[in-house]
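This is data-v9.cif (mmCIF, C-alpha atoms).
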```cif
data_coords
#
loop_
_atom_site.label_atom_id
_atom_site.label_comp_id
_atom_site.auth_asym_id
_atom_site.auth_seq_id
_atom_site.Cartn_x
_atom_site.Cartn_y
_atom_site.Cartn_z
CA MET A 1 22.22 44.92 -28.12
CA ARG A 2 19.37 42.82 -26.69
CA THR A 3 19.04 39.22 -27.69
CA GLU A 4 15.79 37.25 -27.74
CA GLN A 5 15.55 34.71 -24.89
CA THR A 6 14.02 31.34 -25.61
CA SER A 7 11.58 29.71 -23.24
CA GLN A 8 14.32 27.28 -22.17
CA ASP A 9 16.53 30.12 -21.02
CA ARG A 10 13.76 31.65 -18.93
CA PRO A 11 13.00 29.72 -15.76
CA VAL A 12 9.84 31.73 -15.35
CA LEU A 13 8.35 30.32 -18.51
CA ARG A 14 9.39 26.82 -17.56
CA ILE A 15 7.71 27.28 -14.22
CA ALA A 16 4.58 28.45 -16.03
CA VAL A 17 4.57 25.23 -18.06
CA GLY A 18 5.13 23.18 -14.92
CA LEU A 19 2.36 25.10 -13.24
CA ALA A 20 -0.11 24.08 -15.91
CA VAL A 21 0.85 20.45 -15.42
CA LEU A 22 0.48 20.73 -11.66
CA ILE A 23 -2.94 22.26 -11.94
CA ALA A 24 -3.95 19.45 -14.24
CA LEU A 25 -2.55 16.95 -11.72
CA ALA A 26 -4.44 18.52 -8.84
CA GLY A 27 -7.70 18.48 -10.76
CA SER A 28 -7.63 15.03 -12.36
CA PRO A 29 -7.58 11.52 -10.82
CA PRO A 30 -4.16 9.81 -10.64
CA ALA A 31 -3.17 8.22 -13.90
CA ALA A 32 -1.97 5.00 -12.24
CA ALA A 33 -5.42 4.41 -10.81
CA LYS A 34 -6.42 2.97 -14.17
CA GLU A 35 -6.50 -0.80 -14.62
CA SER A 36 -3.28 -0.93 -16.68
CA GLY A 37 0.19 -1.15 -15.17
CA PRO A 38 1.68 -3.63 -12.69
CA ASP A 39 -0.81 -6.14 -11.40
CA TRP A 40 -1.44 -8.75 -8.71
CA ARG A 41 -3.93 -11.51 -9.40
CA PRO A 42 -4.58 -13.67 -6.35
CA GLN A 43 -7.37 -16.21 -6.84
CA SER A 44 -9.83 -17.31 -4.20
CA SER A 45 -8.85 -20.95 -4.74
CA GLU A 46 -9.93 -23.85 -2.56
CA ARG A 47 -6.38 -24.12 -1.27
CA LEU A 48 -6.38 -20.50 -0.18
CA VAL A 49 -9.78 -20.86 1.50
CA LYS A 50 -8.54 -23.90 3.41
CA LEU A 51 -5.33 -22.30 4.65
CA PRO A 52 -5.17 -21.74 8.41
CA ALA A 53 -6.36 -18.22 9.14
CA THR A 54 -3.10 -17.15 10.75
CA TYR A 55 -1.11 -18.42 7.78
CA LEU A 56 -3.42 -16.84 5.23
CA LYS A 57 -2.26 -13.27 5.78
CA LYS A 58 1.42 -14.18 5.59
CA SER A 59 0.84 -16.23 2.45
CA LEU A 60 -0.99 -13.33 0.77
CA ASP A 61 1.65 -10.81 1.83
CA ARG A 62 4.37 -13.00 0.41
CA ASP A 63 2.48 -13.55 -2.84
CA PHE A 64 1.95 -9.80 -3.15
CA ALA A 65 5.62 -9.01 -2.46
CA GLU A 66 6.59 -11.29 -5.36
CA SER A 67 4.02 -9.82 -7.77
CA ALA A 68 4.60 -7.03 -10.28
CA LEU A 69 2.41 -4.73 -8.22
CA GLY A 70 4.35 -5.46 -5.03
CA THR A 71 7.67 -4.88 -6.78
CA ALA A 72 6.40 -1.61 -8.27
CA LEU A 73 5.20 -0.44 -4.87
CA GLN A 74 8.55 -1.22 -3.28
CA GLY A 75 10.33 0.62 -6.11
CA ALA A 76 8.06 3.63 -5.62
CA ASP A 77 8.89 3.66 -1.92
CA GLU A 78 12.61 3.72 -2.65
CA GLU A 79 12.23 6.51 -5.21
CA ILE A 80 10.19 8.58 -2.77
CA GLY A 81 12.85 8.11 -0.10
CA LEU A 82 15.52 9.41 -2.47
CA LYS A 83 13.34 12.30 -3.60
CA GLY A 84 12.73 13.27 0.01
CA LYS A 85 16.50 13.52 0.54
CA THR A 86 16.83 15.69 -2.58
CA LEU A 87 14.15 18.02 -1.24
CA ALA A 88 15.90 18.31 2.11
CA ASP A 89 19.22 19.10 0.41
CA LEU A 90 17.64 21.72 -1.83
CA LYS A 91 15.90 23.35 1.09
CA ASN A 92 19.20 23.68 2.94
CA ALA A 93 20.88 25.05 -0.19
CA ILE A 94 18.12 27.66 -0.66
CA ASN A 95 18.64 28.93 2.87
CA GLN A 96 22.31 29.51 2.14
CA ALA A 97 22.02 30.89 -1.41
CA GLU A 98 21.40 34.48 -2.53
CA ASP A 99 20.08 36.43 -5.52
CA GLU A 100 19.86 34.59 -8.84
CA VAL A 101 21.25 31.33 -7.49
CA ARG A 102 18.57 31.37 -4.83
CA THR A 103 15.89 31.96 -7.45
CA GLU A 104 17.25 29.15 -9.55
CA LEU A 105 17.33 26.84 -6.53
CA ARG A 106 13.78 27.81 -5.61
CA HIS A 107 12.76 26.89 -9.11
CA GLN A 108 14.52 23.55 -8.79
CA PHE A 109 12.91 23.02 -5.41
CA LEU A 110 9.47 23.56 -6.94
CA ALA A 111 10.27 21.19 -9.79
CA GLU A 112 11.45 18.54 -7.32
CA LYS A 113 8.35 19.01 -5.19
CA LYS A 114 6.26 18.43 -8.29
CA ALA A 115 8.26 15.27 -9.04
CA TYR A 116 7.79 14.17 -5.41
CA LEU A 117 4.04 14.65 -5.71
CA ASP A 118 4.01 12.67 -8.95
CA LEU A 119 5.76 9.80 -7.19
CA MET A 120 3.47 9.98 -4.17
CA SER A 121 0.45 10.02 -6.45
CA ARG A 122 1.73 6.96 -8.28
CA LYS A 123 2.44 5.14 -5.05
CA ASN A 124 -1.00 6.02 -3.74
CA ALA A 125 -2.58 4.61 -6.88
CA LEU A 126 -0.61 1.37 -6.47
CA GLN A 127 -1.65 1.09 -2.84
CA ARG A 128 -5.26 1.74 -3.80
CA LYS A 129 -5.05 -1.02 -6.38
CA HIS A 130 -3.58 -3.38 -3.77
CA ALA A 131 -6.38 -2.59 -1.31
CA ALA A 132 -9.07 -2.96 -4.00
CA ILE A 133 -7.70 -6.38 -5.01
CA LYS A 134 -7.70 -7.47 -1.37
CA VAL A 135 -11.30 -6.34 -0.96
CA ARG A 136 -12.33 -8.37 -4.01
CA LEU A 137 -10.34 -11.40 -2.85
CA PHE A 138 -11.75 -11.45 0.69
CA ASP A 139 -15.24 -10.91 -0.71
CA ASP A 140 -14.80 -13.95 -2.98
CA MET A 141 -13.39 -16.04 -0.13
CA LEU A 142 -16.29 -15.15 2.13
CA GLN A 143 -18.72 -16.04 -0.64
CA ASN A 144 -16.98 -19.39 -1.12
CA LEU A 145 -17.17 -20.14 2.58
CA ASN A 146 -20.82 -19.14 2.74
CA GLN A 147 -21.60 -21.21 -0.35
CA ASP A 148 -20.17 -24.26 1.40
CA LYS A 149 -22.63 -23.73 4.22
CA ALA A 150 -25.49 -22.74 1.94
CA GLY A 151 -24.94 -25.98 -0.01
CA GLU A 152 -26.21 -27.97 2.96
CA THR A 153 -29.74 -28.97 2.06
CA PRO A 154 -32.13 -30.23 4.75
CA ALA A 155 -31.58 -33.78 3.44
CA LYS A 156 -27.82 -33.42 3.75
CA ARG A 157 -28.12 -31.96 7.23
CA ASP A 158 -30.34 -34.88 8.18
CA LEU A 159 -27.81 -37.33 6.77
CA ILE A 160 -24.93 -35.73 8.68
CA LYS A 161 -27.02 -35.88 11.84
CA ARG A 162 -27.67 -39.58 11.31
CA GLN A 163 -24.01 -40.22 10.57
CA ASP A 164 -22.96 -38.44 13.74
CA ALA A 165 -25.48 -40.47 15.72
CA ALA A 166 -24.23 -43.70 14.15
CA ARG A 167 -20.62 -42.81 14.93
CA THR A 168 -21.52 -41.98 18.52
CA ARG A 169 -23.42 -45.23 18.93
CA PHE A 170 -20.58 -47.18 17.40
CA GLU A 171 -17.92 -45.53 19.62
CA SER A 172 -19.97 -46.04 22.76
CA SER A 173 -20.66 -49.71 21.98
CA LEU A 174 -17.18 -50.52 20.69
CA ALA A 175 -15.81 -51.90 23.96
CA SER A 176 -18.83 -54.07 24.65
CA VAL A 177 -18.86 -55.32 21.06
CA ASP A 178 -15.17 -56.27 21.31
CA MET A 179 -15.81 -58.05 24.60
CA ALA A 180 -18.71 -59.95 23.09
CA MET A 181 -16.62 -61.03 20.11
CA PHE A 182 -13.74 -62.27 22.24
CA ARG A 183 -16.10 -64.08 24.53
CA THR A 184 -17.93 -65.87 21.76
CA GLY A 185 -14.81 -66.32 19.69
CA THR A 186 -16.80 -65.70 16.53
CA ALA A 187 -14.50 -62.96 15.38
CA PRO A 188 -10.92 -63.01 16.61
CA GLU A 189 -9.01 -59.79 16.31
CA SER A 190 -8.30 -59.22 12.65
CA LYS A 191 -5.20 -57.80 11.00
CA TYR A 192 -7.17 -54.65 10.31
CA ALA A 193 -8.16 -54.28 13.96
CA VAL A 194 -4.57 -54.75 15.17
CA LYS A 195 -3.13 -52.33 12.63
CA TYR A 196 -5.93 -49.87 13.23
CA ALA A 197 -5.21 -49.81 16.97
CA GLU A 198 -1.51 -49.18 16.28
CA ASN A 199 -2.27 -46.42 13.83
CA VAL A 200 -4.79 -44.80 16.16
CA ALA A 201 -2.09 -44.41 18.78
CA ALA A 202 0.22 -42.80 16.22
CA ILE A 203 -2.58 -40.59 14.89
CA GLU A 204 -3.48 -39.43 18.38
CA GLN A 205 0.11 -38.35 18.99
CA LEU A 206 0.21 -36.47 15.69
CA VAL A 207 -3.19 -34.86 16.25
CA ALA A 208 -2.07 -33.71 19.71
CA ARG A 209 1.02 -32.11 18.18
CA ILE A 210 -1.07 -30.50 15.41
CA GLN A 211 -3.51 -29.08 17.93
CA ASN A 212 -0.68 -27.53 19.90
CA HIS A 213 1.16 -26.29 16.82
CA LYS A 214 1.40 -22.52 16.76
CA MET A 215 0.58 -22.36 13.04
CA ASN A 216 -2.63 -24.28 13.68
CA ALA A 217 -3.82 -21.84 16.31
CA GLY A 218 -7.08 -20.20 15.35
CA PRO A 219 -7.24 -16.45 14.80
CA THR A 220 -7.83 -14.32 17.86
CA VAL A 221 -9.05 -10.80 18.46
CA ASP A 222 -8.25 -9.31 21.85
CA GLY A 223 -7.36 -12.79 23.06
CA GLU A 224 -10.72 -14.24 21.97
CA GLN A 225 -10.86 -17.05 19.41
CA ILE A 226 -12.82 -16.10 16.28
CA THR A 227 -14.07 -18.08 13.30
CA LYS A 228 -12.48 -17.99 9.88
CA GLN A 229 -15.45 -16.02 8.53
CA ASP A 230 -15.01 -13.43 11.26
CA TYR A 231 -11.30 -13.24 10.52
CA LEU A 232 -11.95 -12.74 6.80
CA ARG A 233 -14.57 -10.09 7.55
CA GLN A 234 -12.04 -8.30 9.72
CA MET A 235 -9.41 -8.40 6.97
CA LEU A 236 -12.03 -7.16 4.50
CA ALA A 237 -12.85 -4.24 6.80
CA GLU A 238 -9.14 -3.43 7.12
CA ALA A 239 -8.75 -3.43 3.32
CA GLN A 240 -11.77 -1.17 2.96
CA SER A 241 -10.43 1.22 5.57
CA GLU A 242 -7.16 1.26 3.65
CA LEU A 243 -9.09 2.36 0.56
CA ALA A 244 -10.71 5.16 2.54
CA ILE A 245 -7.28 6.29 3.79
CA ARG A 246 -6.00 6.33 0.21
CA ASP A 247 -8.91 8.64 -0.72
CA GLN A 248 -7.94 10.95 2.09
CA GLU A 249 -4.30 10.90 1.05
CA ASP A 250 -5.36 11.85 -2.47
CA VAL A 251 -6.99 14.95 -1.02
CA ILE A 252 -3.76 15.78 0.83
CA LEU A 253 -1.76 15.35 -2.37
CA GLY A 254 -4.24 17.61 -4.19
CA HIS A 255 -3.71 20.32 -1.61
CA MET A 256 0.07 19.89 -1.82
CA ALA A 257 -0.09 20.20 -5.61
CA LYS A 258 -2.15 23.33 -5.32
CA LEU A 259 0.39 24.83 -2.89
CA VAL A 260 3.22 24.04 -5.28
CA ALA A 261 1.27 25.71 -8.08
CA LEU A 262 0.68 28.80 -5.96
CA ASP A 263 4.37 28.90 -4.97
CA ALA A 264 5.28 28.63 -8.63
CA MET A 265 3.00 31.58 -9.43
CA THR A 266 4.63 33.59 -6.66
CA LEU A 267 8.09 32.80 -7.96
CA ALA A 268 7.08 33.67 -11.52
CA GLU A 269 5.62 36.96 -10.37
CA GLU A 270 8.73 37.81 -8.34
CA THR A 271 10.94 37.04 -11.32
CA LEU A 272 8.81 39.20 -13.62
CA ASP A 273 8.83 42.05 -11.11
CA SER A 274 12.60 41.97 -10.85
CA ASP A 275 12.91 41.87 -14.65
CA LEU A 276 10.70 44.92 -14.93
CA ALA A 277 12.54 46.77 -12.21
CA ALA A 278 15.94 46.11 -13.79
CA GLY A 279 14.94 47.14 -17.33
CA GLU A 280 14.37 50.70 -18.61
CA ALA A 281 10.91 52.08 -19.04
CA PRO A 282 9.50 51.18 -22.41
CA ASN A 283 9.98 53.87 -25.08
CA ARG A 284 6.53 54.31 -26.42
CA THR A 285 6.02 56.37 -29.62
CA ALA A 286 3.27 58.88 -29.98
CA PRO A 287 2.27 61.11 -33.03
CA SER A 288 3.03 64.28 -31.05
CA GLN A 289 6.68 63.30 -30.79
CA ALA A 290 6.98 63.42 -34.60
CA VAL A 291 5.38 66.81 -35.02
CA GLN A 292 8.77 68.48 -35.54
CA TYR A 293 9.33 66.47 -38.67
CA PHE A 294 6.24 67.93 -40.20
CA MET A 295 6.91 71.56 -39.43
CA SER A 296 9.18 72.17 -42.42
CA ASN A 297 9.89 70.59 -45.77
CA MET B 1 14.43 -20.58 -3.43
CA ARG B 2 14.40 -22.03 0.05
CA LYS B 3 11.43 -19.88 1.01
CA SER B 4 9.38 -20.90 -2.00
CA LEU B 5 10.16 -24.56 -1.27
CA ILE B 6 8.89 -24.17 2.28
CA PHE B 7 5.68 -22.54 1.08
CA THR B 8 5.17 -25.20 -1.57
CA LEU B 9 5.55 -27.91 1.06
CA ALA B 10 3.12 -26.13 3.34
CA GLY B 11 0.59 -25.93 0.52
CA LEU B 12 1.10 -29.58 -0.31
CA ALA B 13 0.52 -30.58 3.30
CA VAL B 14 -2.77 -28.71 3.35
CA THR B 15 -3.84 -30.33 0.08
CA LEU B 16 -2.94 -33.80 1.31
CA ALA B 17 -4.74 -33.28 4.59
CA ALA B 18 -7.83 -32.11 2.72
CA GLY B 19 -7.81 -34.78 0.03
CA ALA B 20 -7.06 -37.96 1.97
CA ALA B 21 -10.11 -40.16 1.56
CA THR B 22 -10.92 -43.70 0.55
CA ALA B 23 -13.84 -44.67 -1.61
CA GLY B 24 -15.78 -47.90 -1.80
CA THR B 25 -15.96 -48.89 1.87
CA LEU B 26 -19.72 -48.80 1.84
CA GLU B 27 -19.95 -50.80 -1.38
CA ASN B 28 -17.60 -53.47 0.01
CA MET B 29 -19.59 -53.75 3.20
CA GLU B 30 -22.91 -53.99 1.32
CA ARG B 31 -21.46 -56.75 -0.87
CA GLU B 32 -20.31 -58.76 2.14
CA ARG B 33 -23.62 -58.23 3.93
CA ALA B 34 -25.50 -59.40 0.85
CA LEU B 35 -23.33 -62.55 0.78
CA MET B 36 -24.09 -63.19 4.44
CA ILE B 37 -27.83 -62.81 3.93
CA GLU B 38 -27.62 -64.97 0.84
CA ALA B 39 -25.89 -67.66 2.90
CA MET B 40 -28.57 -67.33 5.51
CA LEU B 41 -31.43 -67.76 3.02
CA ASP B 42 -29.87 -70.22 0.58
CA PRO B 43 -31.98 -73.43 0.85
CA SER B 44 -29.32 -75.48 -0.92
CA LEU B 45 -26.81 -75.10 1.92
CA GLY B 46 -26.54 -77.60 4.70
CA PRO B 47 -26.42 -76.35 8.34
CA ALA B 48 -22.62 -76.84 8.70
CA GLU B 49 -21.77 -75.11 5.46
CA ARG B 50 -24.22 -72.32 6.20
CA GLN B 51 -22.62 -71.82 9.61
CA THR B 52 -19.08 -71.73 8.15
CA ARG B 53 -19.99 -69.21 5.50
CA PHE B 54 -21.96 -67.19 8.00
CA GLU B 55 -19.02 -66.98 10.42
CA THR B 56 -16.57 -66.04 7.68
CA SER B 57 -18.84 -63.24 6.54
CA GLN B 58 -19.37 -62.09 10.08
CA ARG B 59 -15.60 -61.80 10.71
CA ARG B 60 -15.18 -59.79 7.55
CA LEU B 61 -18.20 -57.65 8.31
CA VAL B 62 -16.84 -56.59 11.70
CA ASP B 63 -13.94 -54.85 9.97
CA LEU B 64 -15.94 -53.62 7.01
CA GLU B 65 -18.60 -52.05 9.23
CA ARG B 66 -15.90 -50.27 11.22
CA MET B 67 -14.31 -49.03 8.03
CA VAL B 68 -17.62 -47.53 6.91
CA LEU B 69 -18.34 -45.96 10.28
CA ARG B 70 -14.86 -44.43 10.37
CA ASP B 71 -14.86 -43.29 6.73
CA ASP B 72 -14.87 -39.50 6.76
CA SER B 73 -15.30 -39.31 3.01
CA LEU B 74 -18.87 -40.55 3.45
CA LYS B 75 -19.73 -37.67 5.76
CA GLY B 76 -22.46 -35.62 4.12
CA ARG B 77 -22.22 -37.55 0.84
CA ASN B 78 -25.86 -37.25 -0.01
CA THR B 79 -26.29 -40.20 -2.37
CA PRO B 80 -29.15 -42.74 -2.27
CA ALA B 81 -26.75 -45.50 -1.15
CA VAL B 82 -25.33 -43.50 1.75
CA ARG B 83 -28.75 -42.15 2.76
CA ARG B 84 -30.18 -45.66 2.81
CA ALA B 85 -27.20 -47.04 4.72
CA TYR B 86 -27.59 -44.55 7.53
CA ALA B 87 -31.38 -44.64 7.56
CA ASN B 88 -31.35 -47.74 9.80
CA TYR B 89 -28.22 -48.51 11.86
CA ASP B 90 -29.50 -51.90 12.99
CA LEU B 91 -30.12 -53.11 9.47
CA THR B 92 -26.90 -51.74 7.95
CA PHE B 93 -24.38 -52.49 10.69
CA LEU B 94 -25.78 -55.91 11.41
CA VAL B 95 -22.83 -57.40 13.32
CA HIS B 96 -22.20 -54.44 15.61
CA ALA B 97 -25.87 -53.82 16.29
CA GLY B 98 -26.41 -57.56 16.88
CA LEU B 99 -23.54 -57.88 19.36
CA GLU B 100 -24.67 -54.70 21.05
CA LYS B 101 -28.17 -56.13 21.48
CA LYS B 102 -26.83 -59.60 22.25
CA MET B 103 -28.51 -61.03 19.18
CA ALA B 104 -27.20 -63.08 16.28
CA PRO B 105 -26.92 -60.91 13.14
CA SER B 106 -29.30 -63.23 11.34
CA ASP B 107 -31.95 -62.83 14.05
CA LEU B 108 -31.51 -59.10 14.02
CA TRP B 109 -31.87 -58.98 10.25
CA LEU B 110 -35.05 -61.05 10.37
CA GLU B 111 -36.41 -58.82 13.10
CA GLN B 112 -35.60 -55.69 11.14
CA VAL B 113 -37.33 -56.93 8.00
CA GLY B 114 -40.34 -57.91 10.10
CA VAL B 115 -39.99 -61.67 10.29
CA SER B 116 -40.33 -63.19 13.77
CA THR B 117 -41.23 -66.60 15.18
CA GLN B 118 -44.63 -65.24 16.11
CA SER B 119 -45.27 -63.79 12.69
CA LEU B 120 -44.21 -67.07 11.08
CA MET B 121 -46.42 -69.08 13.41
CA ALA B 122 -49.32 -66.77 12.68
CA ALA B 123 -48.81 -67.06 8.94
CA LYS B 124 -51.42 -68.92 6.94
CA LYS B 125 -51.13 -70.72 3.68
CA GLY B 126 -53.26 -69.33 0.89
CA PHE B 127 -53.66 -67.10 -2.11
CA ARG B 128 -52.90 -63.40 -1.95
#
```
Write-out of the structure in structure tokens:
Amino acid sequence: MRTEQTSQDRPVLRIAVGLAVLIALAGSPPAAAKESGPDWRPQSSERLVKLPATYLKKSLDRDFAESALGTALQGADEEIGLKGKTLADLKNAINQAEDEVRTELRHQFLAEKKAYLDLMSRKNALQRKHAAIKVRLFDDMLQNLNQDKAGETPAKRDLIKRQDAARTRFESSLASVDMAMFRTGTAPESKYAVKYAENVAAIEQLVARIQNHKMNAGPTVDGEQITKQDYLRQMLAEAQSELAIRDQEDVILGHMAKLVALDAMTLAEETLDSDLAAGEAPNRTAPSQAVQYFMSN
Amino acid sequence: MRKSLIFTLAGLAVTLAAGAATAGTLENMERERALMIEAMLDPSLGPAERQTRFETSQRRLVDLERMVLRDDSLKGRNTPAVRRAYANYDLTFLVHAGLEKKMAPSDLWLEQVGVSTQSLMAAKKGFR
């Protein structure tokens, strides 16, 4: 007596359902690419713009690592690592298995590959989001820096020029002015002048240490010092190239998904073929076979 | 915890370094300079008193002028007061410019506003 098999009992049907999902995955953009989900919201604040260039990257990396997006990305990495191990184990098991167990393992292998692709797709979407946020942030920072420069009107530039000239004149005449004051005795050294001289010595020591401090070192490219704008432009270019890489990785994932779908079709076909081969030929009824019943009453 | 404290301190240091500025140096100097010129022009003062007040102002002005010239918060502050102050070094920083030119600040001020012995001698009494 034959019993009806449900779709849950038939791996072939399950594979067919999975296949449909995979095809949909290969054809549509990743779901995590949408704006919802874990986020990272760095702001192009004045403090961030003023950070030393070398410190800026570390500060952003740290901020990202503590954000929901950073945590999600790290979690995705761990999951992918575990899934990779599962795939390796299954592959080894398939090589050693035979007959129905092998078919079942192949089915599991396909299902795990699909799950792996889902995870990779999710991770890719998170990385794309990270890169897109960085692009926006560096763009904003560059705009802020350029606005500072653009805010210099001709009158302001003229004023700064005059102030620089006045400071230079003052510094160059300081010694002779001091000499003249001591000589005439009109203005003996004041408390301010004494304290100022003491503080200048302390400030000079501190400034020397700051200038030699490794965290104060300007950004360099191939050993050449570059400006903060150049450094930001470089980081912007890196973030944009990261976006382009993510696009390329999406294509790779699409091809992988398509391969899994094709493998699933192959497995389904093989299973159907073996089912057909094992079963008897269908007993079809035809009118001619019933003729004998009509030959007498 | 320790890491976040370090980063907070680093941020604070940057903020402090960026925000350290004093205001009012120019205003203080202008006030003192006005007092010195007032003492110079006040007809009610006798020569001794004028000289005393003049010297007191001059001593204060030496420091006040230096404070203004060293005040980074004034750099690029495009206000009428700052623009006017830096428009003429000799007139604004009277004591330093005077000592540099080996002139009394009062003489330098008179010269800068266009009053000289010759111009006074050439002046005529009459209606304008």
Exercise for the section: Would you kindly identify which residues have an atom no farther than 12 Å from (-26.0, -52.1, 2.8), using all atoms listed in the file and the file's own coordinates, and write them out as a VMD selection string? Expected result: chain B and resid 24 to 37 61 64 to 65 68 80 to 94 109
Generate a file of the selected residues that holds C-alpha atoms, formatted as a JSON list (two decimals), keeping the file's coordinate frame.
```json
[["chain", "number", "residue", "atom", "x", "y", "z"],
["B", 24, "GLY", "CA", -15.78, -47.90, -1.80],
["B", 25, "THR", "CA", -15.96, -48.89, 1.87],
["B", 26, "LEU", "CA", -19.72, -48.80, 1.84],
["B", 27, "GLU", "CA", -19.95, -50.80, -1.38],
["B", 28, "ASN", "CA", -17.60, -53.47, 0.01],
["B", 29, "MET", "CA", -19.59, -53.75, 3.20],
["B", 30, "GLU", "CA", -22.91, -53.99, 1.32],
["B", 31, "ARG", "CA", -21.46, -56.75, -0.87],
["B", 32, "GLU", "CA", -20.31, -58.76, 2.14],
["B", 33, "ARG", "CA", -23.62, -58.23, 3.93],
["B", 34, "ALA", "CA", -25.50, -59.40, 0.85],
["B", 35, "LEU", "CA", -23.33, -62.55, 0.78],
["B", 36, "MET", "CA", -24.09, -63.19, 4.44],
["B", 37, "ILE", "CA", -27.83, -62.81, 3.93],
["B", 61, "LEU", "CA", -18.20, -57.65, 8.31],
["B", 64, "LEU", "CA", -15.94, -53.62, 7.01],
["B", 65, "GLU", "CA", -18.60, -52.05, 9.23],
["B", 68, "VAL", "CA", -17.62, -47.53, 6.91],
["B", 80, "PRO", "CA", -29.15, -42.74, -2.27],
["B", 81, "ALA", "CA", -26.75, -45.50, -1.15],
["B", 82, "VAL", "CA", -25.33, -43.50, 1.75],
["B", 83, "ARG", "CA", -28.75, -42.15, 2.76],
["B", 84, "ARG", "CA", -30.18, -45.66, 2.81],
["B", 85, "ALA", "CA", -27.20, -47.04, 4.72],
["B", 86, "TYR", "CA", -27.59, -44.55, 7.53],
["B", 87, "ALA", "CA", -31.38, -44.64, 7.56],
["B", 88, "ASN", "CA", -31.35, -47.74, 9.80],
["B", 89, "TYR", "CA", -28.22, -48.51, 11.86],
["B", 90, "ASP", "CA", -29.50, -51.90, 12.99],
["B", 91, "LEU", "CA", -30.12, -53.11, 9.47],
["B", 92, "THR", "CA", -26.90, -51.74, 7.95],
["B", 93, "PHE", "CA", -24.38, -52.49, 10.69],
["B", 94, "LEU", "CA", -25.78, -55.91, 11.41],
["B", 109, "TRP", "CA", -31.87, -58.98, 10.25]]
```
Problem - Residues of chain B within 7 Å of chain A, counting all atoms listed in the file, as a PyMOL selection string - result: chain B and resi 15+55+59+63+69+75-76+78+83+86+89+96+99-100
Exercise for the section: Just give me the residues with any atom within 12 Å of (11.6, 12.2, -10.9), file coordinates, counting all atoms listed in the file, written as number ranges by chain. Expected result: A: 76, 78-84, 86-87, 108, 111-120, 122
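Atom CA of Lys85 of chain A to atom CA of Phe109 of chain A spans 11.8 Å [interatomic distance, one decimal].
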Completion exercise
re atom CA of Asn199 of chain A and atom CA of Val62 of chain B: distance 17.9 Å
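Once the PyMOL selection byres ((chain A and resi 267) around 9) is applied to the depicted file, the selected set reads Val12, Ile15, Thr103, Arg106, His107, Leu262, Asp263, Ala264, Met265, Thr266, Ala268, Glu269, Glu270, Thr271 and Leu272 of chain A.
Across the structure, atom CA of Asp247 of chain A and atom CA of Asp140 of chain A are spaced 23.5 Å apart.
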Box dimensions and centre (Å, one decimal) enclosing segment 104-114 of chain B, axis-aligned, 6 Å extra per side, as AutoDock Vina command-line options:
```
--center_x -33.6 --center_y -59.5 --center_z 12.1 --size_x 25.4 --size_y 19.5 --size_z 20.3
```
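Picked out by the PyMOL selection byres ((chain A and resi 134) around 9) when it runs on this file: A:Pro42, A:Lys129, A:His130, A:Ala131, A:Ala132, A:Ile133, A:Val135, A:Arg136, A:Leu137, A:Phe138, A:Asp139, A:Met235, A:Leu236, A:Ala239, A:Gln240.
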Practice task
Run the PyMOL selection byres ((chain B and resi 49-51) around 12) against the file shown and list the residues it catches, as a list in words.
Solution key: Thr186 of chain A; Leu35, Met36, Ile37, Glu38, Ala39, Met40, Leu41, Asp42, Pro43, Ser44, Leu45, Gly46, Pro47, Ala48, Thr52, Arg53, Phe54, Glu55, Thr56, Ser57, Gln58, Ala104 and Ser106 of chain B
